[in-house]
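To start, the structure itself, in structure tokens.
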Amino acid sequence: MTKKMINQNSKFQKELINTVESEFIFSNKPINRFKIIENQKNNQIIDKKEQIIQLKNKLNSIEDCVLRKNSKNLILGEGNLNSPIMLIGEAPGPEEDKSGLSFKGETGDLLDKMLNAINIRRQNIYLSYAINFRPPEDRKPTSQEIKRYSTYLKEHISIIDPKIIILMGSTAMEAVTSITNKISAERGNWKETIIENKTYPLIITFNPSYLIRFPENKKHSWEDLKKLRQKMEDLKLKI
């Protein structure tokens, strides 16, 4: 009679695994970790798209809003939902309101040139506005309007969850930071804002529409853009 040998060590390892995790799955096939990461990214994009739709519905449901009533389109945002860069302008103009798209016409052309100067393509970042409807006669939004829409803007930032925020114009600056000083005194300096217990680095600079009217300030914007490029390199951001 032959005595059957029992691998006590193997039995012990199995019992130890079961005490740690009861749902281990053993397989001879290698785990495709790249596919797992890809699936996580896809799920993240889907989740962001759903949140963006919900935010858009909230904005379209705002009552007693002069901005909404006098606009043709809601301009929420466009671009790469998972980009580490979120650029926020002031408010849509006539070209944007007509097309339903962000940063169109002469303003959009100048923005493209500004971004291309530091090797950034607009399709690789996420674009939005502090105010999502065109103000009547393209007037500056009131502080009350800025405050009202800042709630939705901050929710928007939390959804995109960027590594860096670019604020273009005094309206965007006030909406995110509550700073009401002249933009010339605040631009070009790195600041931080806390939204939903998370800290976001941001830089303030001139809006392209302002630079079209006052081209002598383009030199200051160029300095701001170089600081942005350096920050991206420091954080090792690739877009």
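Residues in the structure tokens are numbered from 1 in each chain, the chains being A, B, ... in the order shown, and ligands are numbered from 1 in the order shown.
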
For Glu145 (chain A): contacts at 12 Å, only C-alpha atoms, fewer than 6 positions along chain excluded, given as a PyMOL selection string
chain A and resi 62+64-68+90-91+130-135+139+151-152+171-172+174-175

Taking N, CA and C atoms for each residue, export the selection above as an mmCIF file, in the first residue's frame.
data_model
loop_
_atom_site.group_PDB
_atom_site.id
_atom_site.type_symbol
_atom_site.label_atom_id
_atom_site.label_comp_id
_atom_site.auth_asym_id
_atom_site.auth_seq_id
_atom_site.Cartn_x
_atom_site.Cartn_y
_atom_site.Cartn_z
ATOM 1 N N ILE A 62 -32.087 77.296 -15.709
ATOM 2 C CA ILE A 62 -32.003 78.519 -14.916
ATOM 3 C C ILE A 62 -33.185 79.434 -15.257
ATOM 4 N N ASP A 64 -35.450 83.102 -14.843
ATOM 5 C CA ASP A 64 -35.308 84.561 -14.681
ATOM 6 C C ASP A 64 -33.870 85.020 -14.959
ATOM 7 N N CYS A 65 -33.302 84.530 -16.047
ATOM 8 C CA CYS A 65 -31.932 84.900 -16.407
ATOM 9 C C CYS A 65 -31.955 85.643 -17.745
ATOM 10 N N VAL A 66 -31.565 86.901 -17.705
ATOM 11 C CA VAL A 66 -31.532 87.724 -18.912
ATOM 12 C C VAL A 66 -30.572 87.137 -19.947
ATOM 13 N N LEU A 67 -29.451 86.606 -19.468
ATOM 14 C CA LEU A 67 -28.444 86.053 -20.370
ATOM 15 C C LEU A 67 -29.008 84.871 -21.153
ATOM 16 N N ARG A 68 -29.683 83.977 -20.458
ATOM 17 C CA ARG A 68 -30.223 82.786 -21.116
ATOM 18 C C ARG A 68 -31.345 83.142 -22.086
ATOM 19 N N GLU A 90 -14.164 84.354 -20.924
ATOM 20 C CA GLU A 90 -15.135 85.188 -20.215
ATOM 21 C C GLU A 90 -16.578 84.810 -20.551
ATOM 22 N N ALA A 91 -16.992 85.038 -21.787
ATOM 23 C CA ALA A 91 -18.356 84.737 -22.213
ATOM 24 C C ALA A 91 -18.382 84.623 -23.729
ATOM 25 N N ALA A 130 -16.676 81.326 -18.367
ATOM 26 C CA ALA A 130 -17.199 81.640 -17.031
ATOM 27 C C ALA A 130 -18.705 81.848 -17.092
ATOM 28 N N ILE A 131 -19.156 82.475 -18.169
ATOM 29 C CA ILE A 131 -20.581 82.692 -18.436
ATOM 30 C C ILE A 131 -20.919 81.910 -19.692
ATOM 31 N N ASN A 132 -21.976 81.123 -19.651
ATOM 32 C CA ASN A 132 -22.243 80.189 -20.748
ATOM 33 C C ASN A 132 -23.219 80.695 -21.799
ATOM 34 N N PHE A 133 -23.737 81.915 -21.596
ATOM 35 C CA PHE A 133 -24.614 82.527 -22.582
ATOM 36 C C PHE A 133 -24.060 83.896 -22.975
ATOM 37 N N ARG A 134 -24.314 84.299 -24.203
ATOM 38 C CA ARG A 134 -23.822 85.600 -24.675
ATOM 39 C C ARG A 134 -24.563 86.740 -23.979
ATOM 40 N N PRO A 135 -23.851 87.650 -23.346
ATOM 41 C CA PRO A 135 -24.495 88.815 -22.729
ATOM 42 C C PRO A 135 -25.087 89.731 -23.808
ATOM 43 N N ARG A 139 -22.093 93.067 -23.583
ATOM 44 C CA ARG A 139 -21.673 93.831 -22.408
ATOM 45 C C ARG A 139 -20.942 92.919 -21.425
ATOM 46 N N THR A 151 -21.092 79.084 -9.571
ATOM 47 C CA THR A 151 -21.454 77.796 -8.963
ATOM 48 C C THR A 151 -21.390 76.680 -10.001
ATOM 49 N N TYR A 152 -21.926 76.953 -11.177
ATOM 50 C CA TYR A 152 -21.919 75.959 -12.251
ATOM 51 C C TYR A 152 -20.510 75.788 -12.813
ATOM 52 N N THR A 171 -13.583 88.480 -16.095
ATOM 53 C CA THR A 171 -14.799 87.754 -15.713
ATOM 54 C C THR A 171 -14.455 86.349 -15.233
ATOM 55 N N ALA A 172 -13.583 85.661 -15.956
ATOM 56 C CA ALA A 172 -13.147 84.326 -15.548
ATOM 57 C C ALA A 172 -12.383 84.394 -14.227
ATOM 58 N N GLU A 174 -12.721 86.625 -11.778
ATOM 59 C CA GLU A 174 -13.652 86.868 -10.679
ATOM 60 C C GLU A 174 -14.494 85.633 -10.372
ATOM 61 N N ALA A 175 -14.915 84.924 -11.416
ATOM 62 C CA ALA A 175 -15.781 83.759 -11.231
ATOM 63 C C ALA A 175 -15.101 82.643 -10.445
#

Give the strand (DSSP E or B) residues of region 30-179 of chain A, as DSSP finds them on the backbone, and put them as a short mmCIF file (atom, residue, chain, number, x, y, z; two decimals) with C-alpha atoms, in the first residue's frame.
data_model
loop_
_atom_site.label_atom_id
_atom_site.label_comp_id
_atom_site.auth_asym_id
_atom_site.auth_seq_id
_atom_site.Cartn_x
_atom_site.Cartn_y
_atom_site.Cartn_z
CA GLY A 77 -17.38 73.52 -23.37
CA GLU A 78 -15.50 71.45 -25.90
CA GLY A 79 -12.23 69.59 -26.33
CA ILE A 85 -5.38 71.78 -19.12
CA MET A 86 -8.70 73.63 -18.75
CA LEU A 87 -8.92 77.06 -20.37
CA ILE A 88 -11.76 79.32 -19.25
CA GLY A 89 -12.73 82.44 -21.19
CA TYR A 126 -10.59 71.63 -22.72
CA LEU A 127 -12.22 75.01 -23.43
CA SER A 128 -15.06 76.65 -21.56
CA TYR A 129 -16.46 79.99 -20.35
CA ILE A 164 -3.80 73.43 -14.56
CA ILE A 165 -6.48 76.10 -15.08
CA ILE A 166 -5.98 79.07 -17.42
CA LEU A 167 -8.25 82.02 -16.70
CA MET A 168 -8.57 84.42 -19.64
#

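If you count only C-alpha atoms and ignore residues fewer than 6 places along the chain from Ser170 (chain A), what sits within 9 Å of it is Glu90, Ile179, Thr180, Asn181, Lys182, Ile183, Ile204, Thr205, Phe206 and Asn207 of chain A.
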
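The gap separating CA of Leu81 (chain A) from CA of Leu235 (chain A) is 19.0 Å, in Å to one decimal.
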
Between A:Leu115, A:Ile125, A:Leu59, A:Ile157, single out the one closest to Ile195 (chain A), counting only C-alpha atoms.
A:Ile157

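For the pair CA of Ser143 (chain A) and CA of Ser178 (chain A), the separation is 9.7 Å.
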
Pull the helix (DSSP H, G or I) assignments for region 41-237 of chain A out of DSSP run on the backbone, and list those residues as a PyMOL selection string.
chain A and resi 41-60+66-69+94-99+105-116+122-124+136-138+143-160+170-177+183-186+208-213+215-234

Point-to-point distance from CA of Trp222 (chain A) to CA of Ser99 (chain A), Å rounded to tenths
28.7 Å

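Near Ser209 (chain A), within 9 Å and counting only C-alpha atoms, sit Glu106, Thr107, Gly108 and Leu110 of chain A; same-chain residues fewer than 6 positions away were not included.
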
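The list of residues with at least one atom within 8 Å of Gly100 (chain A), based on only C-alpha atoms and without residues fewer than 6 positions apart in the same chain, reads Asn73, Leu74 and Ile75 of chain A.
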
Which residue gives the smallest distance to Asp112 (chain A) among A:Ser184, A:Glu137, A:Asn124, A:Tyr200, with only C-alpha atoms counted?
A:Asn124

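Distances from A:Thr199, A:Asn119, A:Ser102, A:Asn82 to Lys226 (chain A) were compared using only C-alpha atoms, and the smallest one belongs to A:Asn119.
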